[in-house]
Amino acid sequence: MKRYNPLEIEEKWQQKWEKEKPYKAEIKLGVSKKFIAEMFPYPSGAGLHVGHVRNFTIVDVLTRFYEQQRLNVMRPFGYDTFGLPAENYAIKTGTAPQEVTMTNISNFRKQAKRLGYAIDWDREINTSDPEYYKWTQWCFLQLYKKGLAYQKESYQWWCPVDQTVLANEQVENGHCWRCGHEVEKKKMKQWFFKITEYADELLDDIDALDWPEKIKTMQKNWIGRSVGAEVDFAIWHEGGKGSSSDVPQAAGLSSAFSRKITVFTTRPDTIQGATFLVLAPEYSGLDYIVSDDARDAVMKYKADSLKKSEIERQENKEKTGVFTGAFAINPATKEKIPIWVADYVLAGYGTGAIMAVPFYDERDKEFAEKFDLPIVETELVDRDLFGTPKTTYRMRDWLISRQRYWGCPIPIAYDKDGNPHPIPEDQLPVLIPEVDDYKPDNSGRSALAKAKDWLKVTVPVKDEKTGETHLEEMTRETDTLDGYACSSWYLWRYTSPHDKDSAWGKEAISYWAPTDIYVGADHAVAHLLYIRFWCKFFADQGYLPFREPIKKLIYHGYINAPDGKKMSKSKGNVIDPLDVINDGYGADTLRTYEMFIGPVELDAAWDPRSVGGVYRFLNRCFNLCFDESIKNDLDEEHNAVIRHKTIKKVTEDIYKCNFNTAVASLMEYVNELYKEGVHQTDLIALAKLLKPFAPHLASEMLESLDVDDEWPKWDDKYLVADKVELIVQVNGKLRARIEVDANDLENESKIIELVKNDEKVSKYLEGGIKKTIFVKKANLVNIVV
RNA sequence: GGCCGAGUGGCGGAAUUGGUAUACGCGUUCGACUUAAAAUCGAAUGGGGAAACUCGUACGGGUUCAAGUCCCGUCUCGGCUACCA
């Protein structure tokens, strides 16, 4: 008798797939397509972990499921390779990040192949490959051309360990998302993408997405639209002194700015109760508002609060602030009200200034009580009376500069006056220069600055007046792009991954994109918001024929260690998927186990014993097919009911991503076949249904059965039985189960008669019947006595 | 503090959206095969009770013929968010 030997079977099929490339995707006009992908991995030195396996297997189950239904499926694969781990490793060991990356990729590729995924390997991409990042730079230039990539000097999050600025989305609880160190604020000139330009559309389009509600809510909150008004408060000048002529014009402030303060409020109707104004410590122009008497105190307060870390601000919610010595006029009451500075007002939101209405606002009230400022109850006024309607967003523009070596160089050069110029598209890619030392210094510039020759570049400049072009020697930008920029367009690159003339081919993009199903477990706001932003931008430029990049998003849970804690090297509780395979369980068991482990969206704890249970199940499948001693001389109809029930259940469960119950129903089917015996038709159905989960074993079975893998269909006629079990309740309590003819369910009075005469039931009915309820769809009768 | 989820056997988890609570798997127990063990196969398995029965889906109420599912309140645990005016 042949025994189930997964390692042997899997090697056989993997070799076959490697040679025959059955998963190569090609455009087939007129055949409906599915473009399915996971969030591509960062290939770490540690290799695949069980979380990757869950991620990739979900994609694979869906890929095979649709492929078996003969849809034209594209399932590509790629690597997100720029970033700190490779760079830090390079700094430590002196190995070039390029080299480390290639080693890790080849390891990842080998491991992914060992899991038997239905990947079109000709579509492999790598974000740090010049063939790829040439087009990341091209994307940047498109945004630059339209004014959506711009430079701005402002206070930014700075990680002192990683020596780089970070986007808002990369600061978690005041800590760097990579190294975990507390971040600081630093005033720097940096590059931004103007994502706020699309804030409304990004927000309004969320509702229509087939995405988990959780993610949709997180994005909505992140964008954080609030509708209100901007209201101008004139600054009060004593005795006409301190008029606008006193303001130093060299400061670059408009003179209008100095005479008024514009606040943002969502409650312009409460303006009569505004008894003071509050400015953020970083409020630009604060210098010109503050009175000479108060100047020292205000500047000290400003310096202190800039030093204060985000954590300190969070821990200490006690209101602090100082009086600027200046006053403004409330436009509604014409009263003179004091202007304060306090760090509970944030510079980056609204205008960085608020009107405080302590009667209506908790925070203002707290502040007023502490500093003994007036709290006035007032009538509400018309919302539009004193302000102009204005909408603001919690979301800020996306900071994309990184002072790091291992990233995509920003294709910009500076002339001798420091003005930025784009590197012409025909000079792309701007290659990453080789350096000896990858370490950033504390100059605020990346290690790219150490490549002296590389820094010099000749850029054609068009003279505004004459229209003529001349060449100019310039210095290259040394910042690199945030890695999220690289992953903001890779799904489109998959459609024509080796295109030499464009980021994505026109024909390919209109056939394959948008992505039908996208699977991941992270990046709920950052990546998934950025890719939507780029999609809308490139749609506006005519490069994309759609405005949302991802139709359906599957967001799965993490896999934890058996003790329920996060797996981590330091705790020594990491399960290596390759160990599970090589222990003899094989890839099919690992894959099927991870689908069976629990509902896809929930975290799950690894259970080594359950892995054994899944192995036993696959072993039983194998034996049904290859063990001659199992009864197989049945009539085809014998198992038809459960067979069709199983086909229906598995099909519907996969559509709903209920992979755990799909596997459970296959287990039930197999248990039944062990009891009842098996017909060829059962084996064929089983093998086909099993293939998305355990493709090697299923292929082996299908080969021996000599059939293709086309997804089976169920026939509803087998799902209606002749005899059904009628549930009988008395006062809602289960009292009997009676077998009745299915036809009798059409005849309510006959059913009730049958029930009343049942001996188990009748003894409860002696007190007389008040009411009977018959529920046909549940095969249930309830008698009220 | 705010918003959103979730609490079901010894464990992971099922339950057609109000209709048989605990599918499937793990674990445990018993049996078969074996000199023996492993593997495999079969049976049992929420608590109480000899049984008829009875109690059971975090807790307390409610609606209903019928509640794990709906409503009100409480507790616990997760996620996001954190002075966003």
# chains A, B, ... in the order shown; residues from 1 in each chain; ligands from 1
call {"tool": "closest_atom_pairs", "arguments": {"of": "chain A", "to": "chain B", "cutoff": "7 Å", "atoms": "only C-alpha atoms (C1' of nucleotides)", "output": "CSV"}}
result
residue,atom,partner,partner_atom,distance
A:Met218,CA,B:C80,C1',6.7
A:Thr265,CA,B:A85,C1',5.7
A:Thr266,CA,B:A85,C1',6.9
A:Tyr344,CA,B:C83,C1',5.2
A:Tyr349,CA,B:C84,C1',6.3
A:Ile354,CA,B:A85,C1',6.2
A:Arg363,CA,B:C83,C1',6.9
A:Arg394,CA,B:C84,C1',5.9
A:Gly598,CA,B:G13,C1',6.7
A:Arg609,CA,B:C26,C1',6.3
A:Ser610,CA,B:C26,C1',5.5
A:Gly613,CA,B:G25,C1',6.5
A:Ala664,CA,B:C24,C1',4.5
A:Met667,CA,B:C24,C1',6.9
A:Ile727,CA,B:U20,C1',6.5
A:Asn731,CA,B:C65,C1',6.8
A:Gly732,CA,B:A66,C1',5.3
A:Ile773,CA,B:C65,C1',6.7
A:Ala778,CA,B:G19,C1',6.0
A:Leu780,CA,B:G19,C1',6.9
A:Asn782,CA,B:C65,C1',6.7
A:Val784,CA,B:C65,C1',6.1
call {"tool": "atom_distance", "arguments": {"atom1": "CA of Lys365 in chain A", "atom2": "CA of Glu318 in chain A"}}
result
12.4 Å
call {"tool": "atom_distance", "arguments": {"atom1": "CA of Lys713 in chain A", "atom2": "CA of Leu618 in chain A"}}
result
22.5 Å
call {"tool": "select_by_dssp", "arguments": {"residues": "range 284-472 of chain A", "states": "alpha helix (DSSP H)", "output": "compact mmCIF listing (two decimals) with all heavy atoms, in the first residue's frame"}}
result
# COMPACT_ATOMS: atom_id res chain seq x y z
N LEU A 286 4.18 84.87 16.17
CA LEU A 286 4.02 85.09 17.61
C LEU A 286 4.92 86.23 18.11
O LEU A 286 4.51 87.05 18.92
CB LEU A 286 4.35 83.78 18.35
CG LEU A 286 4.26 83.78 19.86
CD1 LEU A 286 2.83 84.04 20.31
CD2 LEU A 286 4.75 82.45 20.43
N ASP A 287 6.13 86.26 17.53
CA ASP A 287 7.11 87.29 17.91
C ASP A 287 6.55 88.71 17.81
O ASP A 287 6.92 89.59 18.58
CB ASP A 287 8.33 87.23 16.98
CG ASP A 287 9.23 86.08 17.37
OD1 ASP A 287 8.82 85.30 18.25
OD2 ASP A 287 10.33 85.98 16.79
N TYR A 288 5.70 88.93 16.82
CA TYR A 288 5.23 90.29 16.55
C TYR A 288 3.95 90.64 17.29
O TYR A 288 3.49 91.74 17.27
CB TYR A 288 5.06 90.48 15.04
CG TYR A 288 6.29 90.02 14.32
CD1 TYR A 288 6.29 88.87 13.55
CD2 TYR A 288 7.50 90.71 14.50
CE1 TYR A 288 7.45 88.43 12.93
CE2 TYR A 288 8.66 90.28 13.90
CZ TYR A 288 8.64 89.14 13.11
OH TYR A 288 9.79 88.70 12.53
N ILE A 289 3.38 89.63 17.92
CA ILE A 289 2.15 89.86 18.65
C ILE A 289 2.45 90.15 20.11
O ILE A 289 1.85 91.01 20.74
CB ILE A 289 1.22 88.63 18.52
CG1 ILE A 289 0.71 88.52 17.08
CG2 ILE A 289 0.06 88.71 19.51
CD1 ILE A 289 0.19 87.18 16.72
N ARG A 295 7.47 89.36 26.63
CA ARG A 295 8.32 88.63 25.66
C ARG A 295 9.15 87.52 26.30
O ARG A 295 9.15 86.38 25.82
CB ARG A 295 9.23 89.62 24.92
CG ARG A 295 10.03 88.94 23.77
CD ARG A 295 10.66 89.97 22.85
NE ARG A 295 9.69 90.91 22.31
CZ ARG A 295 9.01 90.71 21.19
NH1 ARG A 295 9.18 89.59 20.49
NH2 ARG A 295 8.14 91.59 20.76
N ASP A 296 9.85 87.82 27.37
CA ASP A 296 10.73 86.82 27.97
C ASP A 296 9.96 85.59 28.40
O ASP A 296 10.35 84.45 28.12
CB ASP A 296 11.45 87.42 29.19
CG ASP A 296 12.55 88.39 28.74
OD1 ASP A 296 12.81 88.43 27.51
OD2 ASP A 296 13.11 89.09 29.61
N ALA A 297 8.83 85.81 29.05
CA ALA A 297 8.03 84.69 29.56
C ALA A 297 7.49 83.85 28.41
O ALA A 297 7.52 82.61 28.45
CB ALA A 297 6.87 85.22 30.41
N VAL A 298 7.03 84.52 27.36
CA VAL A 298 6.46 83.80 26.23
C VAL A 298 7.52 82.97 25.52
O VAL A 298 7.31 81.80 25.18
CB VAL A 298 5.77 84.77 25.24
CG1 VAL A 298 5.40 84.06 23.95
CG2 VAL A 298 4.54 85.39 25.88
N MET A 299 8.70 83.59 25.30
CA MET A 299 9.76 82.87 24.60
C MET A 299 10.26 81.68 25.41
O MET A 299 10.58 80.64 24.87
CB MET A 299 10.92 83.83 24.27
CG MET A 299 10.57 84.83 23.18
SD MET A 299 9.89 84.03 21.71
CE MET A 299 8.53 85.11 21.31
N LYS A 300 10.26 81.85 26.71
CA LYS A 300 10.68 80.74 27.57
C LYS A 300 9.66 79.61 27.47
O LYS A 300 10.00 78.43 27.35
CB LYS A 300 10.82 81.20 29.02
CG LYS A 300 11.32 80.09 29.93
CD LYS A 300 11.57 80.55 31.35
CE LYS A 300 12.13 79.43 32.22
NZ LYS A 300 11.32 78.22 32.21
N TYR A 301 8.39 80.01 27.48
CA TYR A 301 7.33 79.00 27.39
C TYR A 301 7.41 78.24 26.07
O TYR A 301 7.29 77.03 26.02
CB TYR A 301 5.95 79.65 27.53
CG TYR A 301 4.81 78.65 27.47
CD1 TYR A 301 4.50 77.87 28.57
CD2 TYR A 301 4.09 78.47 26.29
CE1 TYR A 301 3.49 76.93 28.52
CE2 TYR A 301 3.07 77.52 26.22
CZ TYR A 301 2.77 76.76 27.33
OH TYR A 301 1.77 75.83 27.26
N LYS A 302 7.68 79.01 25.00
CA LYS A 302 7.77 78.40 23.68
C LYS A 302 8.93 77.40 23.64
O LYS A 302 8.77 76.27 23.18
CB LYS A 302 7.98 79.49 22.62
CG LYS A 302 8.17 78.94 21.22
CD LYS A 302 8.39 80.06 20.21
CE LYS A 302 8.72 79.47 18.84
NZ LYS A 302 8.82 80.50 17.81
N ALA A 303 10.08 77.83 24.14
CA ALA A 303 11.25 76.95 24.14
C ALA A 303 10.99 75.69 24.94
O ALA A 303 11.32 74.57 24.52
CB ALA A 303 12.46 77.69 24.69
N ASP A 304 10.34 75.85 26.09
CA ASP A 304 10.05 74.70 26.95
C ASP A 304 9.13 73.71 26.25
O ASP A 304 9.34 72.50 26.31
CB ASP A 304 9.38 75.17 28.26
CG ASP A 304 10.41 75.77 29.20
OD1 ASP A 304 11.62 75.66 28.90
OD2 ASP A 304 10.00 76.37 30.22
N SER A 305 8.10 74.24 25.61
CA SER A 305 7.14 73.29 25.05
C SER A 305 7.69 72.61 23.79
O SER A 305 7.30 71.49 23.49
CB SER A 305 5.78 73.94 24.78
OG SER A 305 5.94 75.11 24.04
N LEU A 306 8.62 73.26 23.09
CA LEU A 306 9.25 72.56 21.97
C LEU A 306 10.12 71.43 22.47
O LEU A 306 10.27 70.42 21.80
CB LEU A 306 10.10 73.53 21.15
CG LEU A 306 9.34 74.45 20.20
CD1 LEU A 306 10.30 75.36 19.46
CD2 LEU A 306 8.52 73.64 19.21
N LYS A 307 10.69 71.62 23.62
CA LYS A 307 11.55 70.59 24.20
C LYS A 307 10.73 69.41 24.72
O LYS A 307 11.16 68.28 24.72
CB LYS A 307 12.39 71.18 25.35
CG LYS A 307 13.87 71.31 25.01
CD LYS A 307 14.68 71.66 26.24
CE LYS A 307 14.37 73.06 26.75
NZ LYS A 307 14.95 73.41 28.02
N GLU A 310 6.47 64.39 23.06
CA GLU A 310 5.07 64.04 22.86
C GLU A 310 4.53 63.26 24.06
O GLU A 310 3.42 63.43 24.49
CB GLU A 310 4.95 63.21 21.58
CG GLU A 310 3.56 63.11 21.01
CD GLU A 310 2.98 64.46 20.59
OE1 GLU A 310 3.70 65.49 20.58
OE2 GLU A 310 1.78 64.48 20.30
N ILE A 311 5.39 62.40 24.60
CA ILE A 311 5.00 61.58 25.74
C ILE A 311 4.68 62.46 26.95
O ILE A 311 3.67 62.29 27.61
CB ILE A 311 6.15 60.60 26.13
CG1 ILE A 311 6.51 59.73 24.93
CG2 ILE A 311 5.78 59.76 27.33
CD1 ILE A 311 5.40 58.86 24.43
N GLU A 312 5.55 63.43 27.19
CA GLU A 312 5.30 64.34 28.32
C GLU A 312 4.00 65.09 28.14
O GLU A 312 3.23 65.27 29.07
CB GLU A 312 6.45 65.34 28.45
CG GLU A 312 7.70 64.77 29.07
CD GLU A 312 8.85 65.76 29.00
OE1 GLU A 312 9.53 65.82 27.96
OE2 GLU A 312 9.04 66.49 29.98
N ARG A 313 3.77 65.51 26.89
CA ARG A 313 2.53 66.23 26.61
C ARG A 313 1.32 65.35 26.91
O ARG A 313 0.29 65.81 27.38
CB ARG A 313 2.47 66.65 25.14
CG ARG A 313 3.20 67.94 24.83
CD ARG A 313 2.63 68.53 23.57
NE ARG A 313 3.36 69.72 23.16
CZ ARG A 313 2.93 70.56 22.23
NH1 ARG A 313 1.80 70.33 21.59
NH2 ARG A 313 3.63 71.61 21.91
N GLN A 314 1.47 64.06 26.59
CA GLN A 314 0.35 63.15 26.80
C GLN A 314 0.11 62.86 28.27
O GLN A 314 -1.01 62.76 28.73
CB GLN A 314 0.62 61.82 26.09
CG GLN A 314 0.22 61.85 24.65
CD GLN A 314 0.69 60.61 23.94
OE1 GLN A 314 0.84 59.56 24.54
NE2 GLN A 314 0.90 60.72 22.65
N GLU A 315 1.25 62.68 28.96
CA GLU A 315 1.12 62.29 30.36
C GLU A 315 0.59 63.42 31.22
O GLU A 315 -0.15 63.22 32.16
CB GLU A 315 2.47 61.81 30.90
CG GLU A 315 2.71 60.35 30.55
CD GLU A 315 4.13 59.93 30.79
OE1 GLU A 315 4.94 60.75 31.27
OE2 GLU A 315 4.44 58.77 30.47
N GLU A 362 -15.00 72.23 26.98
CA GLU A 362 -14.40 71.70 28.20
C GLU A 362 -12.96 72.17 28.40
O GLU A 362 -12.56 72.56 29.49
CB GLU A 362 -14.40 70.17 28.14
CG GLU A 362 -15.69 69.54 28.65
CD GLU A 362 -16.04 69.99 30.07
OE1 GLU A 362 -15.14 69.91 30.94
OE2 GLU A 362 -17.18 70.42 30.30
N ARG A 363 -12.18 72.09 27.32
CA ARG A 363 -10.75 72.41 27.44
C ARG A 363 -10.55 73.89 27.73
O ARG A 363 -9.74 74.27 28.56
CB ARG A 363 -10.03 72.01 26.15
CG ARG A 363 -10.06 70.52 25.91
CD ARG A 363 -9.96 70.24 24.44
NE ARG A 363 -11.05 70.87 23.70
CZ ARG A 363 -11.24 70.71 22.40
NH1 ARG A 363 -10.42 69.97 21.70
NH2 ARG A 363 -12.26 71.30 21.80
N ASP A 364 -11.32 74.70 27.01
CA ASP A 364 -11.21 76.14 27.23
C ASP A 364 -11.66 76.50 28.65
O ASP A 364 -11.09 77.38 29.29
CB ASP A 364 -12.09 76.90 26.22
CG ASP A 364 -11.61 76.69 24.78
OD1 ASP A 364 -10.46 76.25 24.61
OD2 ASP A 364 -12.39 76.96 23.86
N LYS A 365 -12.66 75.75 29.10
CA LYS A 365 -13.18 76.01 30.45
C LYS A 365 -12.12 75.71 31.50
O LYS A 365 -11.88 76.50 32.43
CB LYS A 365 -14.40 75.12 30.69
CG LYS A 365 -15.10 75.40 32.00
CD LYS A 365 -16.33 74.56 32.12
CE LYS A 365 -16.93 74.73 33.52
NZ LYS A 365 -17.97 73.72 33.76
N GLU A 366 -11.45 74.58 31.30
CA GLU A 366 -10.39 74.18 32.22
C GLU A 366 -9.29 75.26 32.26
O GLU A 366 -8.80 75.63 33.33
CB GLU A 366 -9.81 72.87 31.72
CG GLU A 366 -9.14 72.01 32.78
CD GLU A 366 -8.47 70.83 32.13
OE1 GLU A 366 -9.15 70.08 31.39
OE2 GLU A 366 -7.26 70.66 32.34
N PHE A 367 -8.96 75.74 31.07
CA PHE A 367 -7.91 76.75 30.96
C PHE A 367 -8.35 78.06 31.63
O PHE A 367 -7.60 78.68 32.39
CB PHE A 367 -7.59 76.99 29.48
CG PHE A 367 -6.34 77.78 29.24
CD1 PHE A 367 -5.10 77.16 29.27
CD2 PHE A 367 -6.39 79.15 28.97
CE1 PHE A 367 -3.94 77.88 29.04
CE2 PHE A 367 -5.23 79.88 28.74
CZ PHE A 367 -4.00 79.24 28.77
N ALA A 368 -9.58 78.43 31.36
CA ALA A 368 -10.11 79.68 31.92
C ALA A 368 -10.15 79.62 33.44
O ALA A 368 -9.80 80.58 34.13
CB ALA A 368 -11.51 79.94 31.37
N GLU A 369 -10.54 78.46 33.97
CA GLU A 369 -10.61 78.32 35.42
C GLU A 369 -9.23 78.41 36.04
O GLU A 369 -9.03 79.05 37.07
CB GLU A 369 -11.29 77.00 35.80
CG GLU A 369 -12.81 77.11 35.70
CD GLU A 369 -13.53 75.79 35.81
OE1 GLU A 369 -12.86 74.72 35.78
OE2 GLU A 369 -14.78 75.82 35.88
N LYS A 370 -8.28 77.76 35.37
CA LYS A 370 -6.93 77.77 35.92
C LYS A 370 -6.33 79.17 35.93
O LYS A 370 -5.64 79.56 36.87
CB LYS A 370 -6.04 76.81 35.13
CG LYS A 370 -4.61 76.84 35.59
CD LYS A 370 -3.88 75.56 35.33
CE LYS A 370 -2.44 75.70 35.85
NZ LYS A 370 -1.60 74.59 35.45
N PHE A 371 -6.56 79.93 34.87
CA PHE A 371 -5.92 81.24 34.76
C PHE A 371 -6.88 82.40 35.03
O PHE A 371 -6.58 83.54 34.71
CB PHE A 371 -5.25 81.40 33.40
CG PHE A 371 -4.10 80.45 33.22
CD1 PHE A 371 -4.25 79.29 32.48
CD2 PHE A 371 -2.88 80.68 33.85
CE1 PHE A 371 -3.19 78.40 32.33
CE2 PHE A 371 -1.82 79.79 33.71
CZ PHE A 371 -1.97 78.65 32.95
N LYS A 452 31.00 62.26 -3.35
CA LYS A 452 31.29 63.60 -3.84
C LYS A 452 31.08 63.74 -5.36
O LYS A 452 30.53 64.74 -5.82
CB LYS A 452 32.74 64.00 -3.49
CG LYS A 452 33.00 64.05 -1.98
CD LYS A 452 32.25 65.20 -1.29
CE LYS A 452 32.46 65.15 0.21
NZ LYS A 452 31.31 65.61 0.99
N ASP A 453 31.54 62.76 -6.13
CA ASP A 453 31.39 62.85 -7.59
C ASP A 453 29.93 62.78 -8.01
O ASP A 453 29.49 63.49 -8.90
CB ASP A 453 32.16 61.71 -8.28
CG ASP A 453 33.65 61.85 -8.07
OD1 ASP A 453 34.08 62.99 -7.74
OD2 ASP A 453 34.37 60.84 -8.22
N TRP A 454 29.25 61.92 -7.32
CA TRP A 454 27.83 61.71 -7.64
C TRP A 454 27.01 62.98 -7.41
O TRP A 454 26.05 63.24 -8.13
CB TRP A 454 27.31 60.56 -6.77
CG TRP A 454 25.84 60.28 -6.88
CD1 TRP A 454 25.22 59.47 -7.80
CD2 TRP A 454 24.80 60.78 -6.04
NE1 TRP A 454 23.88 59.45 -7.58
CE2 TRP A 454 23.58 60.24 -6.51
CE3 TRP A 454 24.77 61.64 -4.92
CZ2 TRP A 454 22.36 60.53 -5.90
CZ3 TRP A 454 23.54 61.93 -4.33
CH2 TRP A 454 22.36 61.37 -4.81
N LEU A 455 27.42 63.75 -6.41
CA LEU A 455 26.66 64.93 -6.04
C LEU A 455 26.56 65.95 -7.18
O LEU A 455 25.57 66.65 -7.30
CB LEU A 455 27.31 65.62 -4.82
CG LEU A 455 27.02 65.03 -3.46
CD1 LEU A 455 27.80 65.78 -2.39
CD2 LEU A 455 25.52 65.09 -3.16
call {"tool": "residues_around", "arguments": {"residues": "Lys551 in chain A", "least_positions_apart": "3", "cutoff": "8 Å", "atoms": "only C-alpha atoms (C1' of nucleotides)", "output": "ChimeraX atom specification"}}
result
/A:209-211,514-518,548
call {"tool": "atom_distance", "arguments": {"atom1": "CA of Asp706 in chain A", "atom2": "CA of Pro76 in chain A"}}
result
29.2 Å
call {"tool": "residues_around", "arguments": {"residues": "range 415-427 of chain A", "least_positions_apart": "2", "cutoff": "7 Å", "atoms": "only C-alpha atoms (C1' of nucleotides)", "output": "list in words"}}
result
Trp138, Leu141, Pro411, Ile412, Ala413, Pro429, Val459, Met474 and Thr475 of chain A
call {"tool": "select_by_dssp", "arguments": {"residues": "range 293-397 of chain A", "states": "strand (DSSP E or B)", "output": "PyMOL selection string"}}
result
chain A and resi 322-329+336-341+353-356+387-393
call {"tool": "closest_residue", "arguments": {"among": "B:C30, B:U35, B:U17, B:A58", "to": "C70 in chain B", "atoms": "only C-alpha atoms (C1' of nucleotides)"}}
result
B:U17
call {"tool": "residues_around", "arguments": {"residues": "G61 in chain B", "least_positions_apart": "2", "cutoff": "12 Å", "atoms": "only C-alpha atoms (C1' of nucleotides)", "output": "PyMOL selection string"}}
result
chain B and resi 59+63+71-74
call {"tool": "write_last_selection", "arguments": {"atoms": "N, CA, C and O atoms (P, O5', C5', C4', C3', O3' and C1' of nucleotides)", "output": "short mmCIF file (atom, residue, chain, number, x, y, z; two decimals), in the first residue's frame"}}
result
data_model
loop_
_atom_site.label_atom_id
_atom_site.label_comp_id
_atom_site.auth_asym_id
_atom_site.auth_seq_id
_atom_site.Cartn_x
_atom_site.Cartn_y
_atom_site.Cartn_z
P C B 59 -23.18 34.40 32.84
"O5'" C B 59 -23.32 35.72 33.74
"C5'" C B 59 -22.84 35.74 35.08
"C4'" C B 59 -23.17 37.07 35.70
"C3'" C B 59 -24.65 37.43 35.71
"O3'" C B 59 -25.37 36.81 36.75
"C1'" C B 59 -23.39 39.28 34.97
P U B 63 -41.09 41.63 29.55
"O5'" U B 63 -40.85 41.78 27.99
"C5'" U B 63 -41.19 42.99 27.31
"C4'" U B 63 -40.82 42.90 25.87
"C3'" U B 63 -41.38 41.68 25.13
"O3'" U B 63 -42.72 41.89 24.74
"C1'" U B 63 -39.09 41.94 24.59
P C B 71 -29.56 45.50 19.88
"O5'" C B 71 -30.67 45.97 20.93
"C5'" C B 71 -31.67 46.92 20.55
"C4'" C B 71 -32.50 47.26 21.77
"C3'" C B 71 -31.70 47.71 22.98
"O3'" C B 71 -31.37 49.08 22.91
"C1'" C B 71 -33.26 46.08 23.65
P C B 72 -29.99 49.57 23.58
"O5'" C B 72 -30.37 49.57 25.13
"C5'" C B 72 -31.30 50.52 25.64
"C4'" C B 72 -31.47 50.30 27.13
"C3'" C B 72 -30.19 50.26 27.94
"O3'" C B 72 -29.67 51.54 28.22
"C1'" C B 72 -31.58 48.47 28.59
P G B 73 -28.07 51.71 28.32
"O5'" G B 73 -27.74 51.02 29.73
"C5'" G B 73 -28.11 51.67 30.93
"C4'" G B 73 -27.90 50.74 32.10
"C3'" G B 73 -26.46 50.28 32.34
"O3'" G B 73 -25.67 51.27 32.97
"C1'" G B 73 -27.91 48.43 32.53
P U B 74 -24.08 51.24 32.71
"O5'" U B 74 -23.59 49.96 33.51
"C5'" U B 74 -23.67 49.93 34.93
"C4'" U B 74 -23.18 48.60 35.45
"C3'" U B 74 -21.75 48.23 35.06
"O3'" U B 74 -20.78 48.89 35.85
"C1'" U B 74 -23.15 46.36 34.73
#
call {"tool": "residues_around", "arguments": {"residues": "Glu473 in chain A", "least_positions_apart": "5", "cutoff": "7 Å", "atoms": "only C-alpha atoms (C1' of nucleotides)", "output": "NGL selection string"}}
result
:A and (456-459)
call {"tool": "write_last_selection", "arguments": {"atoms": "N, CA and C atoms", "output": "CSV table (one decimal), in the first residue's frame"}}
result
chain,number,residue,atom,x,y,z
A,456,LYS,N,27.6,66.0,-8.0
A,456,LYS,CA,27.6,67.0,-9.1
A,456,LYS,C,26.8,66.5,-10.3
A,457,VAL,N,26.0,67.3,-10.8
A,457,VAL,CA,25.1,66.9,-11.9
A,457,VAL,C,24.9,68.1,-12.8
A,458,THR,N,24.8,67.8,-14.1
A,458,THR,CA,24.5,68.9,-15.1
A,458,THR,C,23.1,68.8,-15.5
A,459,VAL,N,22.3,69.9,-15.3
A,459,VAL,CA,20.9,69.9,-15.6
A,459,VAL,C,20.5,71.0,-16.6
